[in-house]
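Student: Structure file work.csv (CSV, C-alpha atoms) is given on the next line.
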chain,number,residue,atom,x,y,z
O,1,MET,CA,28.4,113.7,128.4
O,2,GLU,CA,25.2,111.6,128.0
O,3,VAL,CA,24.9,109.0,125.3
O,4,LEU,CA,21.5,108.6,123.6
O,5,PRO,CA,20.2,105.4,122.3
O,6,ALA,CA,20.8,104.8,118.7
O,7,SER,CA,17.2,104.2,118.0
O,8,VAL,CA,16.2,107.7,119.1
O,9,PRO,CA,17.1,110.4,116.6
O,10,ALA,CA,18.9,113.3,117.7
O,11,ALA,CA,16.3,115.7,116.6
O,12,ALA,CA,13.8,114.2,119.0
O,13,ALA,CA,15.7,115.4,122.0
O,14,GLN,CA,14.1,118.7,122.9
O,15,PRO,CA,16.1,121.1,124.9
O,16,GLY,CA,13.1,122.3,126.9
O,17,ASP,CA,11.9,118.8,128.1
O,18,THR,CA,13.0,118.3,131.7
O,19,ARG,CA,11.7,114.7,132.1
O,20,PRO,CA,13.9,111.9,131.6
O,21,MET,CA,13.4,109.8,128.3
O,22,PRO,CA,13.2,106.3,129.9
O,23,LEU,CA,10.2,107.2,132.0
O,24,ARG,CA,8.3,108.7,129.1
O,25,TRP,CA,8.9,105.5,127.1
O,26,PHE,CA,7.8,103.5,130.1
O,27,TRP,CA,4.5,105.2,130.3
O,28,THR,CA,4.0,105.0,126.7
O,29,ALA,CA,4.8,101.3,126.7
O,30,ALA,CA,2.6,100.9,129.8
O,31,ALA,CA,-0.3,102.7,128.0
O,32,ALA,CA,0.2,100.6,124.9
O,33,LEU,CA,0.4,97.5,127.1
O,34,VAL,CA,-2.8,98.5,128.9
O,35,LEU,CA,-4.5,99.2,125.7
O,36,THR,CA,-3.3,95.9,124.3
O,37,SER,CA,-4.5,94.2,127.5
O,38,ILE,CA,-7.8,95.9,127.2
O,39,VAL,CA,-8.1,94.8,123.6
O,40,ALA,CA,-7.0,91.3,124.5
O,41,LEU,CA,-9.4,91.2,127.4
O,42,MET,CA,-12.2,92.4,125.1
O,43,LEU,CA,-11.2,89.9,122.6
O,44,ALA,CA,-10.9,87.2,125.2
O,45,TRP,CA,-14.3,88.2,126.6
O,46,ASN,CA,-15.8,88.3,123.2
O,47,ALA,CA,-14.3,84.9,122.5
O,48,GLN,CA,-15.5,83.6,125.8
O,49,GLN,CA,-19.0,84.9,125.0
O,50,ARG,CA,-18.9,83.2,121.7
O,51,VAL,CA,-17.6,80.0,123.3
O,52,ALA,CA,-20.3,80.3,125.9
O,53,THR,CA,-22.9,80.9,123.1
O,54,LEU,CA,-21.5,78.0,121.2
O,55,GLN,CA,-21.6,75.9,124.3
O,56,GLN,CA,-25.2,76.8,124.9
O,57,GLU,CA,-26.0,76.2,121.3
O,58,LEU,CA,-24.2,72.9,121.5
O,59,VAL,CA,-26.0,72.0,124.7
O,60,ARG,CA,-29.3,73.0,123.2
O,61,ARG,CA,-28.6,71.1,120.1
O,62,GLN,CA,-27.3,68.2,122.1
O,63,GLN,CA,-30.5,68.3,124.1
O,64,ASP,CA,-32.6,68.6,120.9
O,65,SER,CA,-30.6,65.7,119.5
O,66,GLN,CA,-31.1,63.7,122.6
O,67,GLY,CA,-34.9,64.5,122.5
O,68,GLU,CA,-35.0,63.6,118.8
O,69,ALA,CA,-33.0,60.5,119.5
O,70,ALA,CA,-35.4,59.6,122.3
O,71,GLU,CA,-38.3,60.3,120.0
O,72,ALA,CA,-36.6,58.3,117.3
O,73,ARG,CA,-36.0,55.5,119.7
O,74,MET,CA,-39.6,55.7,120.8
O,75,LEU,CA,-40.7,55.8,117.1
O,76,ALA,CA,-38.4,52.9,116.3
O,77,LYS,CA,-39.8,51.1,119.3
O,78,GLN,CA,-43.3,51.8,118.1
O,79,ALA,CA,-42.3,50.8,114.6
O,80,GLN,CA,-40.8,47.6,115.9
O,81,GLU,CA,-44.0,47.0,117.9
O,82,GLY,CA,-46.0,47.8,114.8
O,83,MET,CA,-43.9,45.5,112.8
O,84,ARG,CA,-44.3,42.8,115.3
O,85,GLU,CA,-48.1,43.3,115.3
O,86,SER,CA,-48.1,43.4,111.5
O,87,ALA,CA,-46.0,40.3,111.4
O,88,ALA,CA,-48.4,38.7,113.9
O,89,LYS,CA,-51.4,39.9,111.9
O,90,LEU,CA,-49.7,38.7,108.6
O,91,ALA,CA,-49.0,35.4,110.1
O,92,LEU,CA,-52.7,35.2,111.3
O,93,LEU,CA,-53.9,36.2,107.9
O,94,GLU,CA,-51.6,33.7,106.2
O,95,ALA,CA,-53.0,31.1,108.5
O,96,ARG,CA,-56.5,32.1,107.8
O,97,VAL,CA,-55.8,32.2,104.0
O,98,ALA,CA,-54.3,28.8,104.2
O,99,GLU,CA,-57.3,27.6,106.2
O,100,VAL,CA,-59.7,29.3,103.7
O,101,SER,CA,-57.7,27.7,100.8
O,102,VAL,CA,-58.0,24.3,102.5
O,103,GLN,CA,-61.7,24.9,103.1
O,104,ARG,CA,-62.1,26.1,99.5
O,105,GLY,CA,-60.4,23.0,98.2
O,106,GLN,CA,-62.6,20.8,100.4
O,107,LEU,CA,-65.7,22.7,99.2
O,108,GLU,CA,-64.7,22.3,95.6
O,109,ASP,CA,-64.1,18.6,96.2
O,110,LEU,CA,-67.5,18.4,97.9
O,111,ILE,CA,-69.2,20.4,95.1
O,112,GLN,CA,-67.5,18.3,92.5
O,113,SER,CA,-68.5,15.1,94.3
O,114,LEU,CA,-72.1,16.4,94.7
O,115,SER,CA,-72.1,17.4,91.0
O,116,ARG,CA,-70.8,14.0,90.0
O,117,SER,CA,-73.4,12.4,92.3
O,118,ARG,CA,-76.1,14.5,90.7
O,119,ASP,CA,-74.9,13.7,87.2
O,120,GLU,CA,-74.8,10.0,88.1
O,121,ASN,CA,-78.3,10.2,89.6
O,122,VAL,CA,-79.6,11.9,86.5
O,123,LEU,CA,-77.9,9.3,84.3
O,124,VAL,CA,-79.4,6.5,86.4
O,125,GLU,CA,-82.9,7.9,86.1
O,126,ILE,CA,-82.6,8.5,82.4
O,127,GLU,CA,-81.2,5.0,81.8
O,128,ALA,CA,-84.1,3.5,83.8
O,129,GLY,CA,-86.6,5.5,81.8
O,130,ILE,CA,-85.1,4.4,78.5
O,131,ARG,CA,-85.0,0.8,79.5
O,132,VAL,CA,-88.7,0.9,80.5
O,133,ALA,CA,-89.4,2.6,77.1
O,134,VAL,CA,-87.5,-0.2,75.4
O,135,GLN,CA,-89.7,-2.8,77.2
O,136,GLN,CA,-92.9,-0.9,76.2
O,137,THR,CA,-91.7,-0.7,72.6
O,138,ALA,CA,-91.1,-4.4,72.6
O,139,ILE,CA,-94.6,-5.0,74.0
O,140,THR,CA,-96.5,-2.6,71.8
O,141,GLY,CA,-94.4,-2.9,68.7
O,142,THR,CA,-94.3,0.9,68.1
O,143,ALA,CA,-91.4,3.4,68.5
O,144,GLU,CA,-93.5,6.0,70.3
O,145,PRO,CA,-92.5,5.1,73.9
O,146,LEU,CA,-88.8,5.1,72.9
O,147,VAL,CA,-89.1,8.3,71.0
O,148,ALA,CA,-90.9,10.0,73.9
O,149,ALA,CA,-88.3,8.7,76.5
O,150,LEU,CA,-85.3,9.9,74.3
O,151,ARG,CA,-86.9,13.3,73.8
O,152,GLN,CA,-87.5,13.7,77.5
O,153,ALA,CA,-83.9,12.6,78.3
O,154,ASP,CA,-82.5,15.2,75.8
O,155,GLU,CA,-84.6,18.0,77.3
O,156,ARG,CA,-83.5,17.0,80.8
O,157,LEU,CA,-79.8,17.0,79.9
O,158,ALA,CA,-80.3,20.3,78.2
O,159,ARG,CA,-81.7,21.8,81.4
O,160,HIS,CA,-78.9,20.1,83.4
O,161,SER,CA,-76.2,21.8,81.2
O,162,GLN,CA,-73.1,19.7,82.0
O,163,PRO,CA,-70.3,19.7,79.5
O,164,ARG,CA,-69.2,16.2,80.4
O,165,LEU,CA,-72.7,15.0,79.3
O,166,GLU,CA,-72.6,16.4,75.8
O,167,GLY,CA,-71.5,13.0,74.4
O,168,VAL,CA,-74.6,11.5,75.9
O,169,ARG,CA,-76.8,14.1,74.3
O,170,ARG,CA,-75.2,13.5,70.9
O,171,ALA,CA,-75.8,9.7,71.3
O,172,ILE,CA,-79.4,10.4,72.2
O,173,ALA,CA,-79.9,12.6,69.2
O,174,ARG,CA,-78.6,9.9,66.9
O,175,ASP,CA,-80.7,7.2,68.4
O,176,LEU,CA,-83.7,9.5,68.3
O,177,ASP,CA,-83.2,10.1,64.6
O,178,ARG,CA,-83.1,6.3,64.0
O,179,ALA,CA,-86.2,5.7,66.1
O,180,ARG,CA,-88.1,8.4,64.2
O,181,ALA,CA,-87.1,7.1,60.9
O,182,VAL,CA,-88.9,3.8,61.6
O,183,GLY,CA,-92.3,3.8,60.0
O,184,THR,CA,-94.9,2.4,62.4
O,185,ALA,CA,-98.5,1.6,61.9
O,186,ASP,CA,-101.1,4.3,62.5
O,187,VAL,CA,-103.3,2.2,64.8
O,188,PRO,CA,-106.0,4.8,65.4
O,189,THR,CA,-106.5,5.3,61.6
O,190,LEU,CA,-106.5,1.5,61.0
O,191,SER,CA,-109.1,1.1,63.8
O,192,ILE,CA,-111.3,3.6,62.2
O,193,LYS,CA,-111.1,1.8,58.9
O,194,LEU,CA,-112.0,-1.5,60.5
O,195,ASP,CA,-115.0,0.2,62.3
O,196,GLU,CA,-116.2,1.4,58.9
O,197,ALA,CA,-115.8,-2.1,57.4
O,198,VAL,CA,-117.8,-3.5,60.4
O,199,ARG,CA,-120.6,-0.9,59.7
O,200,LEU,CA,-120.7,-2.0,56.0
O,201,VAL,CA,-121.2,-5.7,56.8
O,202,ASP,CA,-124.9,-5.3,57.5
O,203,GLU,CA,-125.3,-3.6,54.1
O,204,LEU,CA,-123.4,-6.1,52.0
O,205,PRO,CA,-125.5,-8.1,49.5
O,206,LEU,CA,-125.2,-11.9,49.8
O,207,LEU,CA,-124.9,-14.1,46.8
O,208,ALA,CA,-127.7,-16.4,48.1
O,209,VAL,CA,-130.1,-13.4,48.3
O,210,ALA,CA,-130.8,-11.7,45.0
O,211,GLU,CA,-131.5,-8.0,45.2
O,212,PRO,CA,-133.9,-6.4,42.8
O,213,ARG,CA,-132.4,-4.1,40.3
O,214,LYS,CA,-134.0,-0.9,39.0
O,215,ALA,CA,-135.0,-1.1,35.3
O,216,ALA,CA,-133.5,1.5,33.0
O,217,PRO,CA,-136.0,4.3,32.1
O,218,ALA,CA,-137.6,3.9,28.7
O,219,PRO,CA,-136.3,6.4,26.1
O,220,ALA,CA,-138.7,9.2,25.2
O,221,PRO,CA,-140.3,9.0,21.7
O,222,ALA,CA,-138.3,10.8,19.1
O,223,THR,CA,-141.2,12.8,17.8
O,224,ALA,CA,-144.6,13.7,19.1
O,225,VAL,CA,-147.5,14.6,16.8
O,226,THR,CA,-150.1,16.9,18.2
O,227,PRO,CA,-153.7,17.0,17.0
O,228,LYS,CA,-153.2,20.5,15.6
O,229,ALA,CA,-150.3,19.3,13.6
O,230,GLN,CA,-152.3,16.4,12.3
O,231,ARG,CA,-155.0,18.6,11.1
O,232,ALA,CA,-152.5,21.0,9.5
O,233,ALA,CA,-150.4,18.3,7.8
O,234,PRO,CA,-151.4,16.9,4.4
O,235,ALA,CA,-152.6,13.3,4.1
O,236,PRO,CA,-149.2,11.7,3.2
O,237,ALA,CA,-147.4,13.3,6.1
O,238,ASP,CA,-150.2,12.3,8.4
O,239,ALA,CA,-149.8,8.6,7.5
O,240,ALA,CA,-146.0,8.8,8.0
O,241,GLY,CA,-146.4,10.4,11.4
O,242,TRP,CA,-148.7,7.6,12.6
O,243,ALA,CA,-146.3,5.0,11.4
O,244,GLN,CA,-143.4,6.6,13.2
O,245,ALA,CA,-145.4,6.9,16.4
O,246,TRP,CA,-146.5,3.3,16.2
O,247,LYS,CA,-142.9,2.3,15.7
O,248,ASP,CA,-141.6,4.3,18.6
O,249,GLY,CA,-144.3,3.0,20.9
O,250,TRP,CA,-143.5,-0.6,20.0
O,251,ALA,CA,-139.8,0.0,20.6
O,252,GLY,CA,-140.5,1.5,24.1
O,253,ALA,CA,-142.8,-1.4,25.0
O,254,SER,CA,-140.2,-3.9,23.9
O,255,GLU,CA,-137.5,-2.2,26.0
O,256,ARG,CA,-139.6,-2.2,29.1
O,257,VAL,CA,-140.4,-5.9,28.6
O,258,TRP,CA,-136.7,-6.7,28.2
O,259,SER,CA,-135.8,-4.7,31.3
O,260,GLU,CA,-138.3,-6.6,33.3
O,261,VAL,CA,-137.0,-9.9,32.0
O,262,LYS,CA,-133.4,-8.9,32.8
O,263,SER,CA,-134.5,-8.0,36.3
O,264,LEU,CA,-135.9,-11.4,36.8
O,265,VAL,CA,-132.9,-13.3,35.5
O,266,ARG,CA,-129.4,-12.6,36.6
O,267,VAL,CA,-126.3,-14.4,35.5
O,268,THR,CA,-123.4,-14.4,38.0
O,269,ARG,CA,-120.2,-16.4,38.1
O,270,ILE,CA,-119.9,-18.2,41.4
O,271,ASP,CA,-116.5,-19.8,42.4
O,272,HIS,CA,-118.0,-21.3,45.5
O,273,PRO,CA,-121.3,-23.1,44.8
O,274,GLU,CA,-122.0,-23.5,48.5
O,275,ALA,CA,-122.5,-19.8,48.8
O,276,MET,CA,-125.7,-20.1,46.7
O,277,LEU,CA,-127.0,-22.9,49.0
O,278,LEU,CA,-126.7,-20.6,52.1
O,279,ALA,CA,-130.0,-20.7,54.0
O,280,PRO,CA,-131.6,-17.4,54.9
O,281,GLU,CA,-131.4,-18.1,58.6
O,282,GLN,CA,-127.6,-18.7,58.2
O,283,ALA,CA,-127.1,-15.3,56.5
O,284,PHE,CA,-127.3,-13.7,60.0
O,285,PHE,CA,-124.5,-15.9,61.3
O,286,VAL,CA,-122.3,-15.3,58.3
O,287,ARG,CA,-122.5,-11.6,58.8
O,288,GLU,CA,-121.9,-11.9,62.6
O,289,ASN,CA,-118.9,-14.1,62.0
O,290,LEU,CA,-117.5,-11.6,59.6
O,291,LYS,CA,-118.0,-8.8,62.2
O,292,LEU,CA,-116.3,-10.9,64.8
O,293,ARG,CA,-113.3,-11.4,62.5
O,294,LEU,CA,-113.0,-7.7,61.9
O,295,LEU,CA,-113.4,-6.9,65.6
O,296,ASN,CA,-110.8,-9.5,66.6
O,297,ALA,CA,-108.4,-7.9,64.0
O,298,ARG,CA,-109.1,-4.5,65.6
O,299,LEU,CA,-108.3,-5.8,69.1
O,300,ALA,CA,-105.1,-7.4,67.8
O,301,LEU,CA,-104.0,-4.1,66.2
O,302,LEU,CA,-104.6,-2.3,69.5
O,303,SER,CA,-102.5,-4.9,71.3
O,304,ARG,CA,-99.9,-4.7,68.6
O,305,GLN,CA,-100.3,-8.4,67.7
O,306,TYR,CA,-99.9,-8.0,64.0
O,307,ASP,CA,-99.7,-11.7,63.1
O,308,THR,CA,-103.1,-12.4,64.7
O,309,ALA,CA,-104.5,-9.3,63.0
O,310,GLN,CA,-103.3,-10.5,59.6
O,311,THR,CA,-104.9,-13.9,60.2
O,312,ASP,CA,-108.3,-12.4,61.0
O,313,LEU,CA,-108.1,-10.0,58.1
O,314,GLN,CA,-107.3,-12.8,55.7
O,315,ALA,CA,-110.3,-14.8,57.0
O,316,ALA,CA,-112.5,-11.7,56.6
O,317,ARG,CA,-111.4,-11.2,53.0
O,318,SER,CA,-112.1,-14.9,52.3
O,319,ALA,CA,-115.6,-14.6,53.7
O,320,LEU,CA,-116.2,-11.4,51.7
O,321,ASP,CA,-115.1,-13.1,48.4
O,322,ARG,CA,-117.1,-16.3,49.1
O,323,TYR,CA,-120.5,-15.2,50.4
O,324,PHE,CA,-121.0,-11.6,49.2
O,325,ASP,CA,-121.6,-10.1,45.8
O,326,ARG,CA,-118.3,-8.8,44.3
O,327,SER,CA,-120.1,-6.5,41.9
O,328,SER,CA,-121.6,-4.5,44.7
O,329,ARG,CA,-120.1,-1.1,45.4
O,330,ARG,CA,-120.3,-1.7,49.2
O,331,GLN,CA,-118.5,-5.0,48.9
O,332,VAL,CA,-115.7,-3.4,46.9
O,333,LEU,CA,-115.4,-0.6,49.5
O,334,ALA,CA,-115.3,-3.0,52.4
O,335,SER,CA,-112.7,-5.2,50.6
O,336,ASP,CA,-110.6,-2.1,49.9
O,337,LEU,CA,-110.7,-1.1,53.5
O,338,ILE,CA,-109.6,-4.5,54.7
O,339,LYS,CA,-106.8,-4.6,52.1
O,340,GLN,CA,-105.5,-1.2,53.3
O,341,VAL,CA,-105.5,-2.3,56.9
O,342,ALA,CA,-103.7,-5.6,56.0
O,343,ALA,CA,-101.1,-3.7,54.0
O,344,GLN,CA,-100.3,-1.3,56.9
O,345,ALA,CA,-100.6,-3.6,59.9
O,346,ARG,CA,-97.0,-4.9,59.8
O,347,HIS,CA,-94.6,-5.5,62.6
O,348,VAL,CA,-91.6,-3.1,62.3
O,349,ALA,CA,-88.4,-3.8,64.2
O,350,VAL,CA,-87.6,-0.7,66.3
O,351,PRO,CA,-83.9,-0.1,66.8
O,352,ARG,CA,-82.5,-0.3,70.3
O,353,PRO,CA,-80.8,2.7,71.9
O,354,ASP,CA,-77.5,0.9,72.4
O,355,GLU,CA,-75.4,4.0,71.6
O,356,THR,CA,-77.2,6.0,74.2
O,357,LEU,CA,-76.8,3.3,76.8
O,358,ALA,CA,-73.1,2.9,76.0
O,359,ALA,CA,-72.5,6.7,76.3
O,360,MET,CA,-74.2,6.9,79.7
O,361,ALA,CA,-72.2,3.9,80.9
O,362,ALA,CA,-69.0,5.7,79.8
O,363,ALA,CA,-70.1,9.0,81.5
O,364,SER,CA,-71.0,7.2,84.7
O,365,GLY,CA,-67.6,5.4,84.7
O,366,GLY,CA,-65.8,8.8,84.4
O,367,LYS,CA,-64.1,7.9,81.1
What does this structure look like when you write it as structure tokens?
Tutor:
Amino acid sequence: MEVLPASVPAAAAQPGDTRPMPLRWFWTAAAALVLTSIVALMLAWNAQQRVATLQQELVRRQQDSQGEAAEARMLAKQAQEGMRESAAKLALLEARVAEVSVQRGQLEDLIQSLSRSRDENVLVEIEAGIRVAVQQTAITGTAEPLVAALRQADERLARHSQPRLEGVRRAIARDLDRARAVGTADVPTLSIKLDEAVRLVDELPLLAVAEPRKAAPAPAPATAVTPKAQRAAPAPADAAGWAQAWKDGWAGASERVWSEVKSLVRVTRIDHPEAMLLAPEQAFFVRENLKLRLLNARLALLSRQYDTAQTDLQAARSALDRYFDRSSRRQVLASDLIKQVAAQARHVAVPRPDETLAAMAAASGGK
């Protein structure tokens, strides 16, 4: 009696199957094993293919990574070289900038020194001009040279346009105002007045030479009687007309006689009797002496010697009052001209530009 395995059911045993059960199971297991092996092989082949693909991909990526790394190293090397070149250029630029800065500082110092030297030269020239003008003012006695020098100095500093010289310009403006405020003699006008007085000397009447005076015209008769009126008037009126005419004629004749007598006799007050004793040939020398006095006064005015001019003018006035007729209109005119010149010909003290000189000295010293 054959005992079946417990795992095999009893119904599975078929009566018509002649093959033995273990062999059938063997083949089934072998087929399953083969099938499993095939599947495993396929899976292994597939896995191998994947691994190979992954290996290839890894190799490719590794190669790409190596190429990129090489390129990165090359780029890094180029970057390092560029950095080194940039650093070298930057150092060169810094050196050049430092050199330019030094040169700029030296140039600024040179410009500043040149500017200071130019300012000092300008101040020296202006100071020399002002000192010469002060000397001319002292010689001539007028403020015109000083005013002109200060005006030119102000215009030159205005063109120079330096802020450090503004103090000098303000000092010049103040000294210029003080110099302009000084009243000086108008020498050309005074010279013209003296020339007119010299021209009048030849026309002045002397006390020793009596000039004829024109007699006053006789007044016209109050009434005039015509022959027709005489014939027309009655006898009493005719007698009255003749009497009036005779009276008017006598009055006119008396006036003419008196005028002639007055022209022959002249009463004049003479303070200096020697003027009447002046000989006719000496009258020429009196006039020439008066002209010389006036001309000397004119020359003294032109040379700004006011004391000498005052002395000559006083002598001329004395000669006019002593030898010439004071009642003459020409004598009065000449005397007025001499008085005007004497009143205006005065020495005026012109102020010195000490403030301007002090400001220029301070600017030159750099204070």
Student: Take every atom of range 282-301 of chain O listed in the file, fit an axis-aligned box around them, add 3 Å per side, and give the centre and edge lengths in Å to one decimal as lines of an AutoDock Vina configuration file.
Tutor:
center_x = -115.8
center_y = -11.4
center_z = 62.8
size_x = 29.6
size_y = 20.6
size_z = 18.6
Student: Show me, as a count of residues only, the residues that have an atom within 12 Å of Ala361 in chain O when counting all atoms listed in the file, minus same-chain residues fewer than 2 positions from it.
Tutor: 21
Student: State, in Å with one decimal place, the distance from CA of Asp325 in chain O to CA of Leu290 in chain O.
Tutor: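 Atom-to-atom, CA of Asp325 in chain O to CA of Leu290 in chain O, that is 14.5 Å.
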Student: Restricting the calculation to all atoms listed in the file: of O:Leu200, O:Ile130, O:Leu107, O:Val97, which residue gets closest to Ala148 in chain O?
Tutor: O:Ile130
Student: What does the distance between CA of Lys193 in chain O and CA of Gln340 in chain O come to in Å, to one decimal place?
Tutor: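 Separating CA of Lys193 in chain O from CA of Gln340 in chain O is a distance of 8.5 Å.
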Student: So the first atom is CA of Arg293 in chain O and the second is CA of Asp195 in chain O; what is the distance between them in Å, to one decimal place?
Tutor: 11.7 Å
Student: With all atoms listed in the file as the atoms that count, which of O:Val122, O:Leu23, O:Ala197, O:Ala316 lies nearest to His160 in chain O?
Tutor: O:Val122
Student: Check the smallest atom-to-atom distance from each of O:Thr189, O:Ser327, O:Val286, O:Arg322 to Gln344 in chain O using all atoms listed in the file, then report the winner.
Tutor: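 Under the stated criterion, the closest residue is O:Thr189.
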Student: Given only C-alpha atoms as the basis, pick out the residue of O:Arg304, O:Arg317, O:Arg287, O:Arg330 nearest to Arg346 in chain O.
Tutor: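 Of the candidates, the smallest distance to Arg346 in chain O is held by O:Arg304.
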Student: Please list, as a list in words, the residues that have an atom at most 9 Å away from (-125.2, -10.7, 56.7) in the coordinates of this file, counting only C-alpha atoms.
Tutor: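 Residues close enough to count: Val201, Asp202, Glu203, Leu204, Pro205, Leu206, Gln282, Ala283, Phe284, Phe285, Val286, Arg287, Glu288, Asn289, Leu290 and Phe324 of chain O.
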Student: With all atoms listed in the file as the basis for distance, which of O:Lys339, O:Arg169, O:Arg61, O:Lys291 is at the shortest distance from Gln314 in chain O?
Tutor: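 Among O:Lys339, O:Arg169, O:Arg61, O:Lys291, it is O:Lys339 that comes nearest to Gln314 in chain O.
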Student: Missing atoms in range 94-111 of chain O should be modelled up to N, CA and C atoms and reported as a PDB file, keeping the file's coordinate frame.
Tutor:
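New file out-v7.pdb:
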ATOM      1  N   GLU O  94     -52.123  34.824 106.998  1.00  0.00           N
ATOM      2  CA  GLU O  94     -51.600  33.700 106.200  1.00  0.00           C
ATOM      3  C   GLU O  94     -52.230  32.385 106.688  1.00  0.00           C
ATOM      4  N   ALA O  95     -52.335  32.271 108.010  1.00  0.00           N
ATOM      5  CA  ALA O  95     -53.000  31.100 108.500  1.00  0.00           C
ATOM      6  C   ALA O  95     -54.424  30.958 108.107  1.00  0.00           C
ATOM      7  N   ARG O  96     -55.121  32.127 108.179  1.00  0.00           N
ATOM      8  CA  ARG O  96     -56.500  32.100 107.800  1.00  0.00           C
ATOM      9  C   ARG O  96     -56.649  31.871 106.254  1.00  0.00           C
ATOM     10  N   VAL O  97     -55.733  32.486 105.480  1.00  0.00           N
ATOM     11  CA  VAL O  97     -55.800  32.200 104.000  1.00  0.00           C
ATOM     12  C   VAL O  97     -55.507  30.774 103.731  1.00  0.00           C
ATOM     13  N   ALA O  98     -54.542  30.214 104.444  1.00  0.00           N
ATOM     14  CA  ALA O  98     -54.300  28.800 104.200  1.00  0.00           C
ATOM     15  C   ALA O  98     -55.483  27.950 104.645  1.00  0.00           C
ATOM     16  N   GLU O  99     -56.125  28.355 105.782  1.00  0.00           N
ATOM     17  CA  GLU O  99     -57.300  27.600 106.200  1.00  0.00           C
ATOM     18  C   GLU O  99     -58.444  27.775 105.188  1.00  0.00           C
ATOM     19  N   VAL O 100     -58.617  29.032 104.673  1.00  0.00           N
ATOM     20  CA  VAL O 100     -59.700  29.300 103.700  1.00  0.00           C
ATOM     21  C   VAL O 100     -59.344  28.478 102.384  1.00  0.00           C
ATOM     22  N   SER O 101     -58.056  28.430 102.024  1.00  0.00           N
ATOM     23  CA  SER O 101     -57.700  27.700 100.800  1.00  0.00           C
ATOM     24  C   SER O 101     -57.997  26.183 101.009  1.00  0.00           C
ATOM     25  N   VAL O 102     -57.695  25.685 102.215  1.00  0.00           N
ATOM     26  CA  VAL O 102     -58.000  24.300 102.500  1.00  0.00           C
ATOM     27  C   VAL O 102     -59.525  24.069 102.443  1.00  0.00           C
ATOM     28  N   GLN O 103     -60.267  24.999 103.090  1.00  0.00           N
ATOM     29  CA  GLN O 103     -61.700  24.900 103.100  1.00  0.00           C
ATOM     30  C   GLN O 103     -62.272  25.007 101.651  1.00  0.00           C
ATOM     31  N   ARG O 104     -61.663  25.914 100.872  1.00  0.00           N
ATOM     32  CA  ARG O 104     -62.100  26.100  99.500  1.00  0.00           C
ATOM     33  C   ARG O 104     -61.862  24.781  98.690  1.00  0.00           C
ATOM     34  N   GLY O 105     -60.665  24.219  98.895  1.00  0.00           N
ATOM     35  CA  GLY O 105     -60.400  23.000  98.200  1.00  0.00           C
ATOM     36  C   GLY O 105     -61.362  21.862  98.629  1.00  0.00           C
ATOM     37  N   GLN O 106     -61.637  21.800  99.955  1.00  0.00           N
ATOM     38  CA  GLN O 106     -62.600  20.800 100.400  1.00  0.00           C
ATOM     39  C   GLN O 106     -63.997  21.081  99.852  1.00  0.00           C
ATOM     40  N   LEU O 107     -64.373  22.398  99.794  1.00  0.00           N
ATOM     41  CA  LEU O 107     -65.700  22.700  99.200  1.00  0.00           C
ATOM     42  C   LEU O 107     -65.769  22.396  97.752  1.00  0.00           C
ATOM     43  N   GLU O 108     -64.688  22.685  97.014  1.00  0.00           N
ATOM     44  CA  GLU O 108     -64.700  22.300  95.600  1.00  0.00           C
ATOM     45  C   GLU O 108     -64.774  20.825  95.400  1.00  0.00           C
ATOM     46  N   ASP O 109     -64.035  20.096  96.254  1.00  0.00           N
ATOM     47  CA  ASP O 109     -64.100  18.600  96.200  1.00  0.00           C
ATOM     48  C   ASP O 109     -65.553  18.158  96.494  1.00  0.00           C
ATOM     49  N   LEU O 110     -66.158  18.819  97.519  1.00  0.00           N
ATOM     50  CA  LEU O 110     -67.500  18.400  97.900  1.00  0.00           C
ATOM     51  C   LEU O 110     -68.506  18.769  96.767  1.00  0.00           C
ATOM     52  N   ILE O 111     -68.344  19.998  96.183  1.00  0.00           N
ATOM     53  CA  ILE O 111     -69.200  20.400  95.100  1.00  0.00           C
ATOM     54  C   ILE O 111     -69.048  19.467  93.895  1.00  0.00           C
TER      55      ILE O 111
END
